[in-house]
Every structure is written in structure tokens, then in C-alpha cells.
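What's in final31.pdb: PDB, C-alpha atoms
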```pdb
ATOM      1  CA  MET A   1      -4.594 -16.971 -42.181  1.00  0.00           C
ATOM      2  CA  THR A   2      -1.017 -18.318 -41.969  1.00  0.00           C
ATOM      3  CA  ASP A   3      -1.102 -18.065 -38.155  1.00  0.00           C
ATOM      4  CA  GLN A   4      -4.049 -20.440 -37.910  1.00  0.00           C
ATOM      5  CA  LEU A   5      -3.546 -24.065 -37.048  1.00  0.00           C
ATOM      6  CA  PRO A   6      -4.675 -26.556 -39.687  1.00  0.00           C
ATOM      7  CA  ARG A   7      -8.253 -27.726 -39.292  1.00  0.00           C
ATOM      8  CA  THR A   8      -8.679 -31.056 -37.533  1.00  0.00           C
ATOM      9  CA  THR A   9     -10.461 -32.476 -40.571  1.00  0.00           C
ATOM     10  CA  TYR A  10      -7.489 -31.512 -42.754  1.00  0.00           C
ATOM     11  CA  LEU A  11      -5.049 -33.261 -40.410  1.00  0.00           C
ATOM     12  CA  ILE A  12      -7.227 -36.370 -40.223  1.00  0.00           C
ATOM     13  CA  GLY A  13      -7.481 -36.423 -44.015  1.00  0.00           C
ATOM     14  CA  ARG A  14      -3.718 -36.102 -44.420  1.00  0.00           C
ATOM     15  CA  LEU A  15      -3.129 -38.852 -41.893  1.00  0.00           C
ATOM     16  CA  ASP A  16      -5.708 -41.057 -43.617  1.00  0.00           C
ATOM     17  CA  ARG A  17      -3.942 -40.689 -46.981  1.00  0.00           C
ATOM     18  CA  THR A  18      -0.543 -41.351 -45.406  1.00  0.00           C
ATOM     19  CA  ILE A  19      -1.788 -44.454 -43.625  1.00  0.00           C
ATOM     20  CA  ARG A  20      -3.659 -45.765 -46.677  1.00  0.00           C
ATOM     21  CA  ARG A  21      -0.571 -45.470 -48.900  1.00  0.00           C
ATOM     22  CA  ALA A  22       1.617 -47.163 -46.304  1.00  0.00           C
ATOM     23  CA  LEU A  23      -0.872 -49.991 -45.772  1.00  0.00           C
ATOM     24  CA  GLU A  24      -1.232 -50.530 -49.524  1.00  0.00           C
ATOM     25  CA  ASP A  25       2.541 -50.938 -49.740  1.00  0.00           C
ATOM     26  CA  LEU A  26       2.687 -53.237 -46.705  1.00  0.00           C
ATOM     27  CA  ILE A  27       0.025 -55.685 -47.892  1.00  0.00           C
ATOM     28  CA  ARG A  28       0.409 -55.541 -51.673  1.00  0.00           C
ATOM     29  CA  ASP A  29       2.318 -58.846 -51.852  1.00  0.00           C
ATOM     30  CA  GLN A  30      -0.616 -60.580 -50.117  1.00  0.00           C
ATOM     31  CA  ALA A  31      -2.863 -59.636 -53.075  1.00  0.00           C
ATOM     32  CA  VAL A  32      -5.416 -57.768 -50.969  1.00  0.00           C
ATOM     33  CA  THR A  33      -6.488 -54.139 -50.951  1.00  0.00           C
ATOM     34  CA  VAL A  34      -6.798 -52.061 -47.799  1.00  0.00           C
ATOM     35  CA  LEU A  35     -10.590 -52.480 -47.949  1.00  0.00           C
ATOM     36  CA  GLY A  36     -10.180 -56.216 -48.499  1.00  0.00           C
ATOM     37  CA  TYR A  37      -7.816 -56.430 -45.533  1.00  0.00           C
ATOM     38  CA  THR A  38     -10.310 -54.492 -43.425  1.00  0.00           C
ATOM     39  CA  ALA A  39     -13.038 -56.976 -44.341  1.00  0.00           C
ATOM     40  CA  LEU A  40     -10.746 -59.908 -43.528  1.00  0.00           C
ATOM     41  CA  THR A  41      -9.875 -58.482 -40.097  1.00  0.00           C
ATOM     42  CA  VAL A  42     -13.563 -57.922 -39.345  1.00  0.00           C
ATOM     43  CA  LEU A  43     -14.311 -61.535 -40.287  1.00  0.00           C
ATOM     44  CA  ALA A  44     -11.392 -62.731 -38.178  1.00  0.00           C
ATOM     45  CA  ALA A  45     -12.944 -60.983 -35.169  1.00  0.00           C
ATOM     46  CA  ARG A  46     -16.564 -61.801 -36.034  1.00  0.00           C
ATOM     47  CA  PRO A  47     -16.931 -64.944 -38.154  1.00  0.00           C
ATOM     48  CA  GLY A  48     -20.354 -65.691 -39.559  1.00  0.00           C
ATOM     49  CA  LEU A  49     -21.419 -62.171 -40.477  1.00  0.00           C
ATOM     50  CA  SER A  50     -23.759 -61.615 -43.398  1.00  0.00           C
ATOM     51  CA  ASN A  51     -22.707 -59.550 -46.417  1.00  0.00           C
ATOM     52  CA  ALA A  52     -24.658 -56.541 -45.129  1.00  0.00           C
ATOM     53  CA  GLN A  53     -23.199 -56.792 -41.618  1.00  0.00           C
ATOM     54  CA  LEU A  54     -19.675 -57.115 -42.989  1.00  0.00           C
ATOM     55  CA  ALA A  55     -20.220 -54.130 -45.295  1.00  0.00           C
ATOM     56  CA  ARG A  56     -21.310 -51.905 -42.375  1.00  0.00           C
ATOM     57  CA  ARG A  57     -18.422 -52.977 -40.157  1.00  0.00           C
ATOM     58  CA  SER A  58     -15.908 -52.558 -43.016  1.00  0.00           C
ATOM     59  CA  PHE A  59     -17.082 -49.034 -43.966  1.00  0.00           C
ATOM     60  CA  MET A  60     -18.290 -50.163 -47.399  1.00  0.00           C
ATOM     61  CA  THR A  61     -21.532 -50.119 -49.324  1.00  0.00           C
ATOM     62  CA  PRO A  62     -23.244 -53.479 -49.831  1.00  0.00           C
ATOM     63  CA  GLN A  63     -22.465 -53.244 -53.559  1.00  0.00           C
ATOM     64  CA  GLY A  64     -18.793 -52.512 -52.888  1.00  0.00           C
ATOM     65  CA  MET A  65     -18.677 -55.370 -50.406  1.00  0.00           C
ATOM     66  CA  ASN A  66     -20.123 -57.763 -52.983  1.00  0.00           C
ATOM     67  CA  GLN A  67     -17.332 -56.810 -55.386  1.00  0.00           C
ATOM     68  CA  ALA A  68     -14.656 -57.121 -52.695  1.00  0.00           C
ATOM     69  CA  LEU A  69     -16.042 -60.488 -51.563  1.00  0.00           C
ATOM     70  CA  ALA A  70     -15.995 -61.833 -55.112  1.00  0.00           C
ATOM     71  CA  VAL A  71     -12.246 -61.103 -55.243  1.00  0.00           C
ATOM     72  CA  LEU A  72     -11.586 -62.476 -51.742  1.00  0.00           C
ATOM     73  CA  MET A  73     -13.524 -65.657 -52.529  1.00  0.00           C
ATOM     74  CA  GLU A  74     -11.783 -66.069 -55.887  1.00  0.00           C
ATOM     75  CA  ARG A  75      -8.440 -65.888 -54.048  1.00  0.00           C
ATOM     76  CA  GLY A  76      -9.622 -68.519 -51.572  1.00  0.00           C
ATOM     77  CA  LEU A  77      -9.595 -66.198 -48.547  1.00  0.00           C
ATOM     78  CA  VAL A  78     -13.298 -66.248 -47.655  1.00  0.00           C
ATOM     79  CA  ASP A  79     -16.046 -68.890 -47.799  1.00  0.00           C
ATOM     80  CA  ARG A  80     -19.827 -68.450 -47.826  1.00  0.00           C
ATOM     81  CA  ARG A  81     -22.335 -70.808 -46.311  1.00  0.00           C
ATOM     82  CA  PRO A  82     -26.127 -70.528 -46.041  1.00  0.00           C
ATOM     83  CA  ASP A  83     -27.501 -69.451 -42.677  1.00  0.00           C
ATOM     84  CA  GLU A  84     -29.050 -72.411 -40.844  1.00  0.00           C
ATOM     85  CA  LEU A  85     -32.296 -70.548 -40.096  1.00  0.00           C
ATOM     86  CA  ASN A  86     -32.630 -68.444 -43.245  1.00  0.00           C
ATOM     87  CA  ARG A  87     -31.184 -70.015 -46.385  1.00  0.00           C
ATOM     88  CA  ARG A  88     -31.307 -66.693 -48.253  1.00  0.00           C
ATOM     89  CA  VAL A  89     -28.727 -65.202 -45.880  1.00  0.00           C
ATOM     90  CA  GLN A  90     -25.112 -66.128 -46.574  1.00  0.00           C
ATOM     91  CA  ARG A  91     -22.694 -66.329 -43.624  1.00  0.00           C
ATOM     92  CA  LEU A  92     -19.064 -65.475 -44.259  1.00  0.00           C
ATOM     93  CA  GLU A  93     -15.949 -67.004 -42.727  1.00  0.00           C
ATOM     94  CA  LEU A  94     -12.230 -66.861 -43.334  1.00  0.00           C
ATOM     95  CA  THR A  95     -10.585 -69.847 -44.924  1.00  0.00           C
ATOM     96  CA  PRO A  96      -7.302 -71.085 -43.418  1.00  0.00           C
ATOM     97  CA  LYS A  97      -5.540 -69.169 -46.211  1.00  0.00           C
ATOM     98  CA  GLY A  98      -7.537 -66.034 -45.296  1.00  0.00           C
ATOM     99  CA  ALA A  99      -6.556 -66.402 -41.634  1.00  0.00           C
ATOM    100  CA  GLU A 100      -2.914 -66.712 -42.679  1.00  0.00           C
ATOM    101  CA  VAL A 101      -3.125 -63.510 -44.762  1.00  0.00           C
ATOM    102  CA  VAL A 102      -4.697 -61.671 -41.815  1.00  0.00           C
ATOM    103  CA  GLU A 103      -1.905 -62.839 -39.519  1.00  0.00           C
ATOM    104  CA  ILE A 104       0.866 -61.815 -41.924  1.00  0.00           C
ATOM    105  CA  CYS A 105      -0.684 -58.416 -42.604  1.00  0.00           C
ATOM    106  CA  ALA A 106      -1.543 -57.786 -38.945  1.00  0.00           C
ATOM    107  CA  GLU A 107       2.098 -58.203 -37.924  1.00  0.00           C
ATOM    108  CA  ARG A 108       3.167 -55.685 -40.570  1.00  0.00           C
ATOM    109  CA  VAL A 109       0.420 -53.241 -39.650  1.00  0.00           C
ATOM    110  CA  GLU A 110       1.350 -53.516 -35.957  1.00  0.00           C
ATOM    111  CA  ARG A 111       4.982 -52.632 -36.738  1.00  0.00           C
ATOM    112  CA  PHE A 112       3.850 -49.713 -38.904  1.00  0.00           C
ATOM    113  CA  GLU A 113       1.527 -48.433 -36.168  1.00  0.00           C
ATOM    114  CA  GLN A 114       4.349 -48.602 -33.630  1.00  0.00           C
ATOM    115  CA  GLN A 115       6.513 -46.485 -35.953  1.00  0.00           C
ATOM    116  CA  LEU A 116       3.651 -44.099 -36.687  1.00  0.00           C
ATOM    117  CA  LEU A 117       3.035 -43.453 -32.993  1.00  0.00           C
ATOM    118  CA  ALA A 118       6.671 -43.585 -31.857  1.00  0.00           C
ATOM    119  CA  SER A 119       6.696 -39.891 -30.953  1.00  0.00           C
ATOM    120  CA  LEU A 120       3.876 -40.407 -28.421  1.00  0.00           C
ATOM    121  CA  THR A 121       4.190 -41.752 -24.910  1.00  0.00           C
ATOM    122  CA  VAL A 122       2.143 -44.779 -23.870  1.00  0.00           C
ATOM    123  CA  ASP A 123      -0.306 -42.486 -22.060  1.00  0.00           C
ATOM    124  CA  GLU A 124      -0.598 -40.201 -25.103  1.00  0.00           C
ATOM    125  CA  ARG A 125      -1.320 -43.195 -27.320  1.00  0.00           C
ATOM    126  CA  ALA A 126      -4.072 -44.326 -24.958  1.00  0.00           C
ATOM    127  CA  GLU A 127      -5.518 -40.807 -24.853  1.00  0.00           C
ATOM    128  CA  LEU A 128      -5.415 -40.482 -28.652  1.00  0.00           C
ATOM    129  CA  ASN A 129      -7.146 -43.847 -29.017  1.00  0.00           C
ATOM    130  CA  SER A 130      -9.803 -42.859 -26.483  1.00  0.00           C
ATOM    131  CA  LEU A 131     -10.476 -39.503 -28.152  1.00  0.00           C
ATOM    132  CA  LEU A 132     -10.682 -41.025 -31.625  1.00  0.00           C
ATOM    133  CA  ARG A 133     -13.080 -43.682 -30.340  1.00  0.00           C
ATOM    134  CA  ARG A 134     -15.318 -40.965 -28.861  1.00  0.00           C
ATOM    135  CA  VAL A 135     -15.376 -39.109 -32.175  1.00  0.00           C
ATOM    136  CA  VAL A 136     -16.156 -42.299 -34.105  1.00  0.00           C
ATOM    137  CA  ASP A 137     -18.866 -43.340 -31.616  1.00  0.00           C
ATOM    138  CA  GLY A 138     -20.398 -39.850 -31.714  1.00  0.00           C
ATOM    139  CA  THR A 139     -20.422 -39.912 -35.504  1.00  0.00           C
ATOM    140  CA  ARG A 140     -22.016 -43.354 -35.523  1.00  0.00           C
ATOM    141  CA  MET A 141     -24.735 -42.227 -33.104  1.00  0.00           C
ATOM    142  CA  ARG A 142     -25.527 -39.109 -35.175  1.00  0.00           C
ATOM    143  CA  THR A 143     -25.599 -41.186 -38.367  1.00  0.00           C
ATOM    144  CA  SER A 144     -27.925 -43.830 -36.903  1.00  0.00           C
ATOM    145  CA  LYS A 145     -30.259 -41.121 -35.521  1.00  0.00           C
ATOM    146  CA  ALA A 146     -30.353 -39.420 -38.933  1.00  0.00           C
ATOM    147  CA  THR A 147     -31.100 -42.734 -40.634  1.00  0.00           C
ATOM    148  CA  ALA A 148     -33.844 -43.538 -38.136  1.00  0.00           C
ATOM    149  CA  THR A 149     -35.585 -40.200 -38.768  1.00  0.00           C
ATOM    150  CA  THR A 150     -35.517 -40.627 -42.546  1.00  0.00           C
ATOM    151  CA  ASP A 151     -36.925 -44.179 -42.551  1.00  0.00           C
TER     152      ASP A 151
END
```

Produce C-alpha cells that represent the structure in this file.
Amino acid sequence: MTDQLPRTTYLIGRLDRTIRRALEDLIRDQAVTVLGYTALTVLAARPGLSNAQLARRSFMTPQGMNQALAVLMERGLVDRRPDELNRRVQRLELTPKGAEVVEICAERVERFEQQLLASLTVDERAELNSLLRRVVDGTRMRTSKATATTD
């Protein structure tokens, strides 16, 4: 057993915990959590999402997203406005303060990522990114097929 390489899932889990701890430390002074920062970056890229859309793209449940949004709105980082066609749907956007927090955190995260991947060549980084994207896309496709068959 000691001659076996660690399972891929174990290595991904270890890396996830390492990254999460580092990100928590990097953004703590901006008064956002890693999940909150994820939601803010999604909104920066895709303003006007609904709560449900933001939850899916931020890897959160709708209930968890509602809690996170309450905190982000209380801190003045996100605004809600009714959808023009369906008043029951709330559209979300960053406030100027939210955009500033995203910018500050993104610079820190970029520096951390550069350090994290420093042992890889540019080509290896691109290959790693491509492989991870394929795994994520494959997981998403299997999950959506499973959901479609249970509906």
C-alpha cells in the first residue's frame, strides 16, 4: 500500500483545503468569505443574475446563497432590483464598493495563484487548466443528465 500513489481525489481534496485556507487569509480584511468572494466574482462577470442562477454558478444551494447575499447586501457590496419582465425575480449587481472589493481580492488571488503554480511551466499550467476544465465539464454534464432523469 505504501508504494501506491495517492488517489487523485485525495490530492484534489488536499489542494482544495490548502487553497481555501490561503484564500480565507488573503481576503479576510475585506470582510468576505471565500464563498462570498466567489459570488462577487461571478456577479462581476455576469451582472444581473437571479439568486438561483448565482447560486448555481457559485457552487452553493439557493438557501446558502440567500444567507450569503444577506451579508453581502448588508455590507453594501451587492444590490437587488426587480426584473423588468417578471417582478418576482430579483436581479443582482455589484455596487461600486463590491466592484472595489473584487478588484482588491482578485489582485491578491492572482499573486497567490502565480506562487501556487510557480513550479509549472507555462505549457504545464495551460495543460493543467485544460484537464481540470474537462473534468469539471464532464462532471457538470453527468450531473445535469442525472437531474434530468430524476425530474

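Rounded to one decimal, atom CA of Val122 of chain A and atom CA of Ser58 of chain A lie 27.4 Å from each other.
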
Item to complete: Name the residues in contact with segment 45-53 of chain A at a cut-off of 8 Å, using all atoms listed in the file, excluding same-chain residues fewer than 6 positions from it; report them as a VMD selection string.
Response: chain A and resid 62 65 to 66 89 to 94

Please enclose the listed atoms of segment 16-24 of chain A in an axis-aligned box, pad each side by 5 Å, and write out the centre and the three edge lengths in Å, rounded to one decimal, as AutoDock Vina command-line options.
```
--center_x -2.0 --center_y -45.6 --center_z -46.6 --size_x 17.3 --size_y 19.8 --size_z 15.9
```

Worksheet, complete the sentence: Correct to one decimal, the distance atom CA of Gly138 of chain A-atom CA of Ala118 of chain A is 27.3 Å

Item to complete: Can you pull out every residue within 12 Å of segment 5-16 of chain A, counting all atoms listed in the file, but drop anything in the same chain fewer than 6 positions away, and send it as a ChimeraX atom specification?
Response: /A:22-23,34,116-117,132,135

Discussion item. Evaluated on this file, the PyMOL selection byres ((chain A and resi 71) around 12) picks out some residues - which ones are they, written as an NGL selection string?
Written reply: :A and (31-33 or 35-37 or 39-40 or 64-70 or 72-79)

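One finds atom CA of Lys97 of chain A at 21.8 Å from atom CA of Arg111 of chain A.
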
Response to the item:
Min atom-atom distance to Arg57 of chain A from the set A:Val102, A:Arg81, A:Leu43, A:Leu26, counting all atoms listed in the file, belongs to A:Leu43

Discussion item. With the PyMOL selection byres ((chain A and resi 105) around 8) as the selection, what would be picked from this file? Answer as a PyMOL selection string, please.
Written reply: chain A and resi 26-27+30+37+101-104+106-109

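Shortest atom-to-atom contact with Met60 of chain A among A:Gln115, A:Thr38, A:Ala44, A:Asp25: A:Thr38, counting all atoms listed in the file.
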
Select segment 35-60 of chain A in the preceding structure and write N, CA, C and O atoms to a file as an mmCIF file, in the first residue's frame.
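Written out: decode.cif:
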```
data_model
loop_
_atom_site.group_PDB
_atom_site.id
_atom_site.type_symbol
_atom_site.label_atom_id
_atom_site.label_comp_id
_atom_site.auth_asym_id
_atom_site.auth_seq_id
_atom_site.Cartn_x
_atom_site.Cartn_y
_atom_site.Cartn_z
ATOM 1 N N LEU A 35 -16.728 31.876 -0.167
ATOM 2 C CA LEU A 35 -17.974 31.721 -0.933
ATOM 3 C C LEU A 35 -18.552 33.075 -1.333
ATOM 4 O O LEU A 35 -19.062 33.237 -2.451
ATOM 5 N N GLY A 36 -18.459 34.051 -0.439
ATOM 6 C CA GLY A 36 -18.914 35.398 -0.774
ATOM 7 C C GLY A 36 -18.089 35.994 -1.901
ATOM 8 O O GLY A 36 -18.636 36.616 -2.822
ATOM 9 N N TYR A 37 -16.779 35.796 -1.838
ATOM 10 C CA TYR A 37 -15.897 36.297 -2.901
ATOM 11 C C TYR A 37 -16.225 35.613 -4.225
ATOM 12 O O TYR A 37 -16.286 36.272 -5.276
ATOM 13 N N THR A 38 -16.488 34.312 -4.173
ATOM 14 C CA THR A 38 -16.864 33.595 -5.387
ATOM 15 C C THR A 38 -18.117 34.209 -5.995
ATOM 16 O O THR A 38 -18.177 34.474 -7.198
ATOM 17 N N ALA A 39 -19.117 34.462 -5.170
ATOM 18 C CA ALA A 39 -20.357 35.071 -5.657
ATOM 19 C C ALA A 39 -20.082 36.450 -6.258
ATOM 20 O O ALA A 39 -20.632 36.799 -7.314
ATOM 21 N N LEU A 40 -19.247 37.235 -5.606
ATOM 22 C CA LEU A 40 -18.925 38.570 -6.121
ATOM 23 C C LEU A 40 -18.230 38.484 -7.477
ATOM 24 O O LEU A 40 -18.530 39.278 -8.382
ATOM 25 N N THR A 41 -17.310 37.537 -7.640
ATOM 26 C CA THR A 41 -16.601 37.420 -8.922
ATOM 27 C C THR A 41 -17.548 36.960 -10.025
ATOM 28 O O THR A 41 -17.421 37.390 -11.167
ATOM 29 N N VAL A 42 -18.502 36.093 -9.669
ATOM 30 C CA VAL A 42 -19.494 35.663 -10.661
ATOM 31 C C VAL A 42 -20.339 36.861 -11.086
ATOM 32 O O VAL A 42 -20.580 37.065 -12.279
ATOM 33 N N LEU A 43 -20.772 37.665 -10.122
ATOM 34 C CA LEU A 43 -21.562 38.854 -10.461
ATOM 35 C C LEU A 43 -20.752 39.877 -11.250
ATOM 36 O O LEU A 43 -21.306 40.601 -12.085
ATOM 37 N N ALA A 44 -19.468 39.964 -10.972
ATOM 38 C CA ALA A 44 -18.622 40.886 -11.739
ATOM 39 C C ALA A 44 -18.588 40.468 -13.207
ATOM 40 O O ALA A 44 -18.620 41.314 -14.103
ATOM 41 N N ALA A 45 -18.561 39.157 -13.452
ATOM 42 C CA ALA A 45 -18.510 38.648 -14.821
ATOM 43 C C ALA A 45 -19.888 38.611 -15.477
ATOM 44 O O ALA A 45 -20.002 38.753 -16.697
ATOM 45 N N ARG A 46 -20.931 38.417 -14.653
ATOM 46 C CA ARG A 46 -22.283 38.257 -15.189
ATOM 47 C C ARG A 46 -23.296 39.044 -14.370
ATOM 48 O O ARG A 46 -24.076 38.456 -13.634
ATOM 49 N N PRO A 47 -23.281 40.362 -14.462
ATOM 50 C CA PRO A 47 -24.249 41.160 -13.700
ATOM 51 C C PRO A 47 -25.678 40.852 -14.135
ATOM 52 O O PRO A 47 -25.917 40.503 -15.281
ATOM 53 N N GLY A 48 -26.590 40.960 -13.178
ATOM 54 C CA GLY A 48 -27.998 40.780 -13.490
ATOM 55 C C GLY A 48 -28.516 39.370 -13.311
ATOM 56 O O GLY A 48 -29.651 39.080 -13.683
ATOM 57 N N LEU A 49 -27.714 38.491 -12.730
ATOM 58 C CA LEU A 49 -28.187 37.130 -12.484
ATOM 59 C C LEU A 49 -29.260 37.134 -11.405
ATOM 60 O O LEU A 49 -29.303 38.017 -10.556
ATOM 61 N N SER A 50 -30.095 36.116 -11.423
ATOM 62 C CA SER A 50 -31.064 35.915 -10.348
ATOM 63 C C SER A 50 -30.365 35.196 -9.196
ATOM 64 O O SER A 50 -29.250 34.689 -9.351
ATOM 65 N N ASN A 51 -31.036 35.115 -8.052
ATOM 66 C CA ASN A 51 -30.475 34.387 -6.912
ATOM 67 C C ASN A 51 -30.144 32.951 -7.293
ATOM 68 O O ASN A 51 -29.061 32.441 -6.969
ATOM 69 N N ALA A 52 -31.088 32.283 -7.962
ATOM 70 C CA ALA A 52 -30.898 30.873 -8.322
ATOM 71 C C ALA A 52 -29.727 30.701 -9.295
ATOM 72 O O ALA A 52 -28.913 29.785 -9.148
ATOM 73 N N GLN A 53 -29.636 31.578 -10.287
ATOM 74 C CA GLN A 53 -28.527 31.497 -11.240
ATOM 75 C C GLN A 53 -27.194 31.722 -10.543
ATOM 76 O O GLN A 53 -26.224 31.011 -10.797
ATOM 77 N N LEU A 54 -27.144 32.708 -9.656
ATOM 78 C CA LEU A 54 -25.911 32.992 -8.934
ATOM 79 C C LEU A 54 -25.539 31.821 -8.044
ATOM 80 O O LEU A 54 -24.365 31.455 -7.952
ATOM 81 N N ALA A 55 -26.513 31.205 -7.394
ATOM 82 C CA ALA A 55 -26.245 30.054 -6.530
ATOM 83 C C ALA A 55 -25.599 28.929 -7.335
ATOM 84 O O ALA A 55 -24.573 28.366 -6.923
ATOM 85 N N ARG A 56 -26.162 28.596 -8.496
ATOM 86 C CA ARG A 56 -25.603 27.520 -9.328
ATOM 87 C C ARG A 56 -24.178 27.835 -9.756
ATOM 88 O O ARG A 56 -23.292 26.987 -9.686
ATOM 89 N N ARG A 57 -23.947 29.057 -10.193
ATOM 90 C CA ARG A 57 -22.619 29.421 -10.702
ATOM 91 C C ARG A 57 -21.590 29.610 -9.579
ATOM 92 O O ARG A 57 -20.404 29.640 -9.837
ATOM 93 N N SER A 58 -22.062 29.738 -8.346
ATOM 94 C CA SER A 58 -21.165 29.924 -7.194
ATOM 95 C C SER A 58 -21.018 28.655 -6.367
ATOM 96 O O SER A 58 -20.446 28.682 -5.279
ATOM 97 N N PHE A 59 -21.570 27.531 -6.862
ATOM 98 C CA PHE A 59 -21.461 26.235 -6.190
ATOM 99 C C PHE A 59 -22.132 26.242 -4.818
ATOM 100 O O PHE A 59 -21.621 25.678 -3.860
ATOM 101 N N MET A 60 -23.274 26.900 -4.714
ATOM 102 C CA MET A 60 -23.998 26.995 -3.450
ATOM 103 C C MET A 60 -25.439 26.555 -3.656
ATOM 104 O O MET A 60 -25.957 26.590 -4.769
#
```
